[in-house]
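Trainee: Shown below is the structure under consideration.
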Amino acid sequence: MIKITKYLKINILTVALFIFCFFTGYWKTLMVTYSVMICHETAHMIAAAAIGLRVSSMTFYPFGVNLTLKNKMVYSLSDEIILYLSGPMFNVFTALASMTVYRYFPYEMLKFFYMCNIVLFIMNMLPALPLDGGIIVKKCLMYRFGCRTAKRIMNVISAVIAAAVAALGIYAIYMTKMNFSIFLFALLMIGNMFTQNEKYNVDFVRELMFHDKKKKNNVKHIIANISRDYRDIANDFNMHSYSVIYLTDNEGEIVRIMTESQVMKELTNSNITV
């Protein structure tokens, strides 16, 4: 990873991609594609700032641009919908704006810019993880059924949609003899389902922190080795009791006592990606 500024990073493979496109004559197409993705992530960044979140960095990968936020809990469903819907809706706005300009200045790149925005909007609004549409659906389900049930439901929905997109991709390859883009998109969706490894589930952490059931009346005692990861410790928490954690050394001696809230605080001292 190459650090350009404090807030801007670029993957080494992205540099190689730009060099390849420059020498093969596809650099204009690549620049338009990345400009669309930058617009998308910038909209997320503006929405994040509006609801009180802070930006950690923006990273350019070969197949996309990722915005990382300094983690802070979002307390309302409406704020979360604003955060994740802002990117796709900004793509719609820029698409309409580009077509308006195209009427007076009919440059092909403007037309391509319009198409890229529309495609990115449609892709991101699919109700499957890790897309914006899927995250919005997950958040809504989480507020109704809880985070773990929502995750199970979304895993099933995402698998079905990924399989459908993969089938569409295979059909597109058969019909066009060369267009692998839809199939590759499906592979990225499927790959994310099996490879995403969050340091912690921010939704579950928030649910534990703000669950309103007077759980402190029932105390659960957890004994864990001091080297144990906080994420593993949090997996032992539940909605019906408040946990007190006794951290021990390798000889079984208690070296630190922590509350559930302290563990939650340690977990939230990290970054999340939008």
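By order in the structure tokens, chains are A, B, ...; within a chain, residues start at 1; ligands start at 1, following the order shown.
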Distance table requested - stretch 54-93 of chain A against stretch 118-126 of chain A, cut-off 7 Å, only C-alpha atoms: one row per qualifying residue with the closest atom pair and its distance in Å to one decimal, ordered by chain and rising residue number, as JSON lines.
Mentor:
```
{"residue": "A:Pro88", "atom": "CA", "partner": "A:Phe121", "partner_atom": "CA", "distance": 4.9}
{"residue": "A:Asn91", "atom": "CA", "partner": "A:Phe121", "partner_atom": "CA", "distance": 6.0}
{"residue": "A:Val92", "atom": "CA", "partner": "A:Ile118", "partner_atom": "CA", "distance": 6.6}
```
Trainee: Would you list the contacts of A:Phe60 as a ChimeraX atom specification, taking every protein, DNA or RNA residue within 7 Å and counting only C-alpha atoms, but skipping same-chain residues closer than 2 positions in sequence?
Mentor: /A:9-11,14,58,62,64-66
Trainee: Would you put the residues from that selection into a file with N, CA and C atoms, as a short mmCIF file (atom, residue, chain, number, x, y, z; two decimals), in the first residue's frame?
Mentor:
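Here's the written file again_6.cif:
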```cif
data_model
loop_
_atom_site.label_atom_id
_atom_site.label_comp_id
_atom_site.auth_asym_id
_atom_site.auth_seq_id
_atom_site.Cartn_x
_atom_site.Cartn_y
_atom_site.Cartn_z
N LYS A 9 -4.62 6.75 0.15
CA LYS A 9 -3.73 5.61 -0.07
C LYS A 9 -4.06 4.98 -1.41
N ILE A 10 -3.07 4.31 -1.98
CA ILE A 10 -3.29 3.64 -3.26
C ILE A 10 -2.60 2.28 -3.25
N ASN A 11 -3.32 1.27 -3.66
CA ASN A 11 -2.78 -0.08 -3.73
C ASN A 11 -1.77 -0.17 -4.87
N THR A 14 -3.08 -1.03 -8.17
CA THR A 14 -3.79 0.06 -8.85
C THR A 14 -2.82 0.87 -9.69
N MET A 58 -9.08 7.29 2.40
CA MET A 58 -9.69 6.81 1.17
C MET A 58 -8.62 6.03 0.42
N PRO A 62 -7.62 -1.82 -7.21
CA PRO A 62 -7.76 -2.05 -8.66
C PRO A 62 -9.21 -2.12 -9.12
N GLY A 64 -11.96 -0.79 -7.24
CA GLY A 64 -12.86 0.08 -6.51
C GLY A 64 -12.13 1.05 -5.60
N VAL A 65 -12.92 1.92 -4.97
CA VAL A 65 -12.41 2.91 -4.03
C VAL A 65 -13.13 2.72 -2.70
N ASN A 66 -12.38 2.63 -1.61
CA ASN A 66 -12.97 2.39 -0.29
C ASN A 66 -12.72 3.56 0.63
#
```
Trainee: Hey, which of A:Tyr246, A:Ile257, A:Thr59, A:Leu53 ends up closest to A:Ile12? Count only C-alpha atoms.
Mentor: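 Looking only at the distances to A:Ile12, the closest residue turns out to be A:Thr59.
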Trainee: Measuring atom to atom with only C-alpha atoms, identify which of A:Met115, A:Met264, A:Leu96, A:Leu83 is nearest to A:Ile136.
Mentor: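 Among the listed residues, A:Leu83 lies closest to A:Ile136.
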Trainee: Closest to A:Gly146 among A:Val32, A:Ser243, A:Met258, A:Asn238, using only C-alpha atoms?
Mentor: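 Of A:Val32, A:Ser243, A:Met258, A:Asn238, the one nearest A:Gly146 is A:Asn238, counting only C-alpha atoms.
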Trainee: Excluding same-chain residues fewer than 5 positions from A:Asn225, what lies within 6 Å of it counting only C-alpha atoms, as a PyMOL selection string?
Mentor: chain A and resi 247-249
Trainee: What's the separation between atom CA of A:Thr33 and atom CA of A:Asn117, in Å to one decimal place?
Mentor: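 We find that atom CA of A:Thr33 and atom CA of A:Asn117 lie 8.7 Å from each other.
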